[in-house]
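In what follows, a structure is listed as structure tokens, so that the remarks can point back to it.
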Amino acid sequence: MRGRAVVMTLYLLFLLLPIYWLVNMSLKTNTEITSGLTLWPETITFDNYVKIFTDASWYSGYINSLTYVAINTVLSISLALPAAYAFSRYRFLGDKHLFFWLLSNRMAPPAVFALPFFNLYSAVGLFDTPWAVALAHCLFNVPLAVWILEGFMSGVPREIDETAAIDGYSFPRFFIKIFMPLIASGIGVAAFFCFMFSWVELLLARTLTSVDAKPIAATMTRTVSAAGMDWGLLAAAGVLTIVPGALVIWFVRNYIAKGFALGRV
Amino acid sequence: MNKTVNQKAWFLVLPVFVVVAFSAIVPLMTVVNYSVQDTFGNNQFFWNGVGWFQELLDPSTELGGRFFDALWRNLAFSAVILAIEIPLGIVVALSMPRHGWTVAFSLVVMALPLLIPWNVVGTIWQVFARGDIGLLGWVVNHLGVAYNYVLDPASAWITIVVMDVWHWTSLVALLCYAGLKSIPDAYYQAARIDGASRLAVFTTIQLPKMRRVLLIAVLLRFMDSFMIYTEPFVLTGGGPGNATTYVSIDLVKLALGQFDLGKAAAMSIVYNLVILAVCWVFYTVMVNADAEKKEVEA
Amino acid sequence: MARIVLDELAHSYKPGPKGPQDYALKRIDHVWRQGGAYALLGPSGCGKTTLLNIISGLVVPTEGRILFDDRDVTRLPTEARNIAQVFQFPVVYDTMTVRENLAFPLKNRRVEASVVRRRVEEIARLLGLSRVLDRRANNLTADMKQKISLGRGLVRPDVAAILFDEPLTVIDPHLKWQLRSTLKEIHRELDLTMIYVTHDQTEALTFADEVVVMYDGAVVQTGTPDALFERPEHTFVGHFIGSPGMNVLPCTVEGTTARVDGQTIPLAGAYPDLPQGRRIELGVRPEFTTLAAKGAGLPVRVKRIDDLGRVRIARVDLGGRPFAATVPEGVAVDGDEASVILDPTRVHIYADGHLVAALPAGATAA
């Protein structure tokens with residue numbers, strides 16, 4: 001018992017320390033940061049945060065990020081739902097190969113796609129819009145959503161479908177009115193992971209945007225200026241990128257174990 | 001469950017197929033196209049056949065040399081990561097509190113690193129490991145260890161490994177935790193009655209029940225560490241020298257930095273094929289394991 | 001081999017229990033004889049699993065002691081008690097063969113390999129597992145798996161008692177009977193104390209020499225199946241055992257008669273010491289109540305007659321309350337008017353659910 005608590009405490013401490021350090025730095029002035037190591041801010045300042053919230057070039061980064069993450073999540077789930085249903089219920093020509101091919105895209109290195117995506121989205125005029133990033137992230141999020149949803153749907157007995165058909169439900173009505181509520185938790189889990197992977201990805205997001213749709217994570221490189229690093233500002237921006245994730249986790253904390261229990265991430 | 005054969009199901013899959021094909025096949029065709037051409041700039045391309053591939057797969061050339069260096073470096077990195085994160089993840093999962101508010105607290109803290117944008121992960125460790133303003137770097141330096149991840153390759157390597165352990169061990173732990181949660185209490189009670197030692201409980205009950213999630217954990221950790229880009233790019237930029245230049249970093253340098261499109265494209269294809277092969281092996285093992293399980297249940 | 005004594009045992013899952021409602025298991029004193037076949041019978045949530053877990057050592061009771069042959073084991077861990085347990089869902093170690101499963105408890109106790117081998121084969125023969133000894137355990141059917149979990153208990157030569165926690169739940173109906181007779185056979189052959197937890201009265205009554213009936217965290221009656229049937233000590237036992245259950249009617253008692261809705265019912269004895277202000281009820285089993293023509297006894301209205309094969313049971317209405325009575329051979333009921341006759345020696349009086357002993361009729365004069 002004691003040993004377990006010690007392991008857990010040490011591990012959580014290991015996870016929290018770097019984050020604490022970032023928060024600590026974000027509340028310090030640059031003078032304090034560079035003048036010597038202090039374990040907590042001697043004078044707490046919110047200037048770094050104020051700057052981010054008042055400068056449009058900063059806070060628009062957050063809006064851009066959240067925009068493409070939201071588009072991607074909605075898009076991925078709505079595309080994946082019918083496909084997952086097909087995979088969980090029917091056999092059709094090439095189903096297994098198709099399923100593997102989809103999954104293999106989850107495993108494709110974004111670095112491979114960065115340049116071709118740049119060409120592709122420039123050619124179709126989507127470059128530097130949230131849509132470019134949202135579509136690009138579909139590459140790995142759609143297969144993921146299909147995989148997760150298929151797992152949940154396989155757990156719903158086929159008899160439900162048949163009963164609904166006998167009761168005279170049309171397929172779309174059955175799907176929306178009866179089937180989707182049954183796999184609501186599955187949709188939640190899939191949405192969570194779509195949000196997560198779209199939110200944390202940067203390589204594609206940065207490659208496919210320049211000014212108008214620049215994600216917050218890319219904006220952060222601006223803290224390197226001629227006058228040296230603005231550490232406090234960098235830290236504050238970092239802290240703010242952690243907040244949306246932390247909020248989402250807080251809301252789904254009771255479902256985390258269940259979502260992972262599927263073993264389909 | 002016996003699935004019925006229904007070719008119309010293709011219509012349900014079609015939207016996904018179109019979107020993913022647009023995102024995957026069109027770019028891949030571009031890549032293939034580049035990989036067989038050479039350019040002198042100004043958008044003038046000419047046929048180069050398998051020239052780039054020959055060069056890439058020959059370690060004695062400049063291109064082949066750097067590719068294989070990056071490949072071995074990356075494989076070594078993945079091996080180290082797996083060797084640390086899998087056992088550590090299992091230990092953490094076994095150490096999870098059983099009930100009370102500490103369960104939710106631990107879960108939230110553990111999931112936190114997973115939802116931090118990858119470049120911010122790099123930034124956090126960039127700051128945390130610095131000798132002047134970072135807690136870790138400062139402490140290690142004051143313990144008398146010469147540590148500087150910007151100048152010293154060993155330090156850079158260790159920092160990236162620690163960073164990755166920080167970032168991803170929770171994923172393994174959460175997967176294992178979910179696997180452990182699905183074991184009914186009766187198993188533990190039976191094991192106690194049978195006089196099983198802690199080790200025997202682990203090897204006879206917990207490990208077999210975690211087999212599937214562990215397989216997935218290994219697959220995901222292998223894939224993601226083999227594709228790692230953003231975090232080391234932010235932290236070290238692939239340096240010092242090429243000490244932490246993994247395949248993705250090298251690829252992006254080649255493609256977006258030097259605009260060596262032909263070479264980069266050839267490298268992309270080989271890189272992708274390596275990943276695909278590994279992915280296929282895992283997938284087959286997993287599907288077989290599932291089929292075996294279903295057969296037993298039937 | 002052991003006699004198990006529960007000494008003023010009680011358990012609460014809440015820390016610092018205040019009233020009786022906080023106890024999952026109310027105070028209990030009981031002796032399980034060496035070699036007895038016991039059933040612990042009660043509905044879900046009555047505390048029987050808690051009691052079982054206290055005996056096996058998975059739960060430490062908040063109060064009282066538990067003795068194995070006068071040795072206090074209250075705080076001993078499970079592995080230090082000579083107990084085996086078979087759970088509701090079969091527990092087998094799926095990566096092992098049947099042989100390895102059976103050998104597991106012995107291996108853990110570092111028993112010599114040749115002894116293990118002999119013992120495993122002996123137990124496998126007893127349970128009919130010899131044919132599958134070298135198969136993987138997780139490929140077998142549920143009843144086979146239950147036999148394996150039982151076998152893991154039986155292989156230990158020192159085992160004092162085997163606890164069964166609703167072991168037939170997941171077994172196919174036609175195999176239940178077979179497995180139960182295997183259990184009885186093993187009980188006869190090995191002289192083990194067996195405690196069988198169930199909520200199924202048929203399982204309990206066919207398995208056990210003595211049945212312990214639990215209700216709401218307390219033991220309400222301990223006795224042979226016959227005693228439970230003929231003299232239920234609590235109205236719950238009357239309801240729970242027997243099909244249909246005992247008829248229970250609120251009544252008042254005067255001398256050697258009981259009054260139910262103005263009707264008088266003769267009793268075999270008197271109850272001069274009935275406590276005041278309690279709920280007084282009369283209980284009689286349908287088996288000891290006969291349906292007769294109108295006017296012969298208490299007037300009733302017949303609602304329907306169920307043919308249970310061996311007997312016919314009339315479902316009647318007695319002063320607005322449902323009541324069941326046996327329909328004797330040759331009695332024909334025309335119309336719905338009839339009457340019931342109660343055997344006075346089989347009528348019991350209950351105060352707040354608990355049986356009140358009667359004084360013989362002759363003793364009441366004083």
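All residue names refer to the structure tokens as shown: chains lettered A, B, ... in order, residues numbered from 1 in each chain, ligands numbered from 1 in order.
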
Residue neighbourhood Glu201 in chain A, 7 Å, only C-alpha atoms, exclusion window fewer than 3 positions, as a list in words: Phe197, Ser198 and Ala205 of chain A; Pro117 and Trp118 of chain B

Chain C contacts to chain B at 12 Å (only C-alpha atoms) as an NGL selection string: :C and (53 or 55-59 or 77-97 or 100-110 or 136-142 or 148-156 or 159 or 161-165)

Residues from the last selection, C-alpha atoms, saved as a PDB file, in the first residue's frame:
```pdb
ATOM      1  CA  ASN C  53     -16.390 -12.848   2.773  1.00  0.00           C
ATOM      2  CA  ILE C  55     -15.453 -16.322   6.788  1.00  0.00           C
ATOM      3  CA  SER C  56     -13.043 -16.450   3.867  1.00  0.00           C
ATOM      4  CA  GLY C  57     -11.089 -13.484   5.243  1.00  0.00           C
ATOM      5  CA  LEU C  58     -11.695 -11.042   2.418  1.00  0.00           C
ATOM      6  CA  VAL C  59     -13.519  -8.752   4.857  1.00  0.00           C
ATOM      7  CA  PRO C  77      -5.557 -13.032   5.851  1.00  0.00           C
ATOM      8  CA  THR C  78      -7.352 -15.340   3.449  1.00  0.00           C
ATOM      9  CA  GLU C  79      -4.248 -17.248   2.458  1.00  0.00           C
ATOM     10  CA  ALA C  80      -3.559 -18.182   6.083  1.00  0.00           C
ATOM     11  CA  ARG C  81      -6.987 -19.771   6.540  1.00  0.00           C
ATOM     12  CA  ASN C  82      -7.701 -23.205   5.190  1.00  0.00           C
ATOM     13  CA  ILE C  83     -10.566 -22.003   3.087  1.00  0.00           C
ATOM     14  CA  ALA C  84     -11.504 -22.511  -0.528  1.00  0.00           C
ATOM     15  CA  GLN C  85     -14.080 -20.476  -2.379  1.00  0.00           C
ATOM     16  CA  VAL C  86     -16.012 -20.926  -5.604  1.00  0.00           C
ATOM     17  CA  PHE C  87     -17.322 -17.679  -7.036  1.00  0.00           C
ATOM     18  CA  GLN C  88     -20.436 -16.721  -8.937  1.00  0.00           C
ATOM     19  CA  PHE C  89     -18.493 -16.354 -12.177  1.00  0.00           C
ATOM     20  CA  PRO C  90     -15.924 -19.020 -12.922  1.00  0.00           C
ATOM     21  CA  VAL C  91     -12.416 -17.875 -12.122  1.00  0.00           C
ATOM     22  CA  VAL C  92      -9.766 -19.726 -14.059  1.00  0.00           C
ATOM     23  CA  TYR C  93      -6.268 -18.613 -14.927  1.00  0.00           C
ATOM     24  CA  ASP C  94      -6.761 -18.478 -18.681  1.00  0.00           C
ATOM     25  CA  THR C  95      -3.164 -18.735 -19.731  1.00  0.00           C
ATOM     26  CA  MET C  96      -2.764 -22.048 -17.912  1.00  0.00           C
ATOM     27  CA  THR C  97      -3.909 -25.573 -18.694  1.00  0.00           C
ATOM     28  CA  GLU C 100      -1.647 -26.053 -14.103  1.00  0.00           C
ATOM     29  CA  ASN C 101      -4.782 -24.442 -12.725  1.00  0.00           C
ATOM     30  CA  LEU C 102      -5.358 -27.297 -10.317  1.00  0.00           C
ATOM     31  CA  ALA C 103      -1.705 -27.374  -9.305  1.00  0.00           C
ATOM     32  CA  PHE C 104      -1.516 -23.611  -8.748  1.00  0.00           C
ATOM     33  CA  PRO C 105      -2.529 -23.481  -5.051  1.00  0.00           C
ATOM     34  CA  LEU C 106      -0.130 -26.316  -4.236  1.00  0.00           C
ATOM     35  CA  LYS C 107       2.732 -24.768  -6.192  1.00  0.00           C
ATOM     36  CA  ASN C 108       2.216 -21.520  -4.325  1.00  0.00           C
ATOM     37  CA  ARG C 109       2.556 -23.461  -1.084  1.00  0.00           C
ATOM     38  CA  ARG C 110       5.726 -25.118  -2.373  1.00  0.00           C
ATOM     39  CA  ARG C 136      -6.189 -24.625 -21.996  1.00  0.00           C
ATOM     40  CA  ALA C 137      -8.602 -23.696 -19.213  1.00  0.00           C
ATOM     41  CA  ASN C 138     -10.190 -20.722 -20.976  1.00  0.00           C
ATOM     42  CA  ASN C 139     -11.455 -22.867 -23.852  1.00  0.00           C
ATOM     43  CA  LEU C 140     -13.824 -24.839 -21.649  1.00  0.00           C
ATOM     44  CA  THR C 141     -17.514 -24.406 -20.872  1.00  0.00           C
ATOM     45  CA  ALA C 142     -18.767 -22.555 -17.796  1.00  0.00           C
ATOM     46  CA  ILE C 148     -11.819 -26.208 -12.024  1.00  0.00           C
ATOM     47  CA  SER C 149     -12.340 -23.461  -9.465  1.00  0.00           C
ATOM     48  CA  LEU C 150     -13.783 -26.046  -7.094  1.00  0.00           C
ATOM     49  CA  GLY C 151     -10.875 -28.342  -7.866  1.00  0.00           C
ATOM     50  CA  ARG C 152      -8.378 -25.649  -6.932  1.00  0.00           C
ATOM     51  CA  GLY C 153      -9.951 -25.698  -3.484  1.00  0.00           C
ATOM     52  CA  LEU C 154     -10.133 -29.448  -3.205  1.00  0.00           C
ATOM     53  CA  VAL C 155      -6.514 -30.161  -4.119  1.00  0.00           C
ATOM     54  CA  ARG C 156      -5.359 -28.606  -0.893  1.00  0.00           C
ATOM     55  CA  VAL C 159      -8.734 -27.330   3.365  1.00  0.00           C
ATOM     56  CA  ALA C 161     -14.244 -25.534   4.433  1.00  0.00           C
ATOM     57  CA  ILE C 162     -15.389 -24.748   0.939  1.00  0.00           C
ATOM     58  CA  LEU C 163     -17.494 -21.674   0.372  1.00  0.00           C
ATOM     59  CA  PHE C 164     -19.756 -21.398  -2.634  1.00  0.00           C
ATOM     60  CA  ASP C 165     -21.007 -17.983  -3.700  1.00  0.00           C
TER      61      ASP C 165
END
```

Residue list (helix (DSSP H, G or I), DSSP) for range 27-199 of chain C, as a PyMOL selection string: chain C and resi 48-56+78-80+98-108+113-127+130-132+137-139+142-154+173-190

Shell of 9 Å around range 223-236 of chain C, only C-alpha atoms, local chain residues under 2 positions omitted, as number ranges by chain: C: 204-206, 208-213, 215, 220-221, 238-242, 246, 248, 281, 283, 285, 346, 348, 350, 352-356

Which residues, written as a short mmCIF file (atom, residue, chain, number, x, y, z; two decimals) with C-alpha atoms, in the first residue's frame, have at least one atom at most 8 Å from Ala165 in chain A, with only C-alpha atoms counted and residues fewer than 5 positions away on the same chain left out?
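Heads up, here's the output in around-v3.cif:
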```cif
data_model
loop_
_atom_site.label_atom_id
_atom_site.label_comp_id
_atom_site.auth_asym_id
_atom_site.auth_seq_id
_atom_site.Cartn_x
_atom_site.Cartn_y
_atom_site.Cartn_z
CA SER A 170 -36.55 4.73 -42.10
CA PHE A 171 -32.79 4.26 -41.90
CA PHE A 174 -33.52 5.11 -36.96
#
```

Best match for closeness to chain A among B:Thr159, B:Asn6, B:Ser35, B:Thr236, counting only C-alpha atoms: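 Closest residue, counting only C-alpha atoms: B:Asn6.
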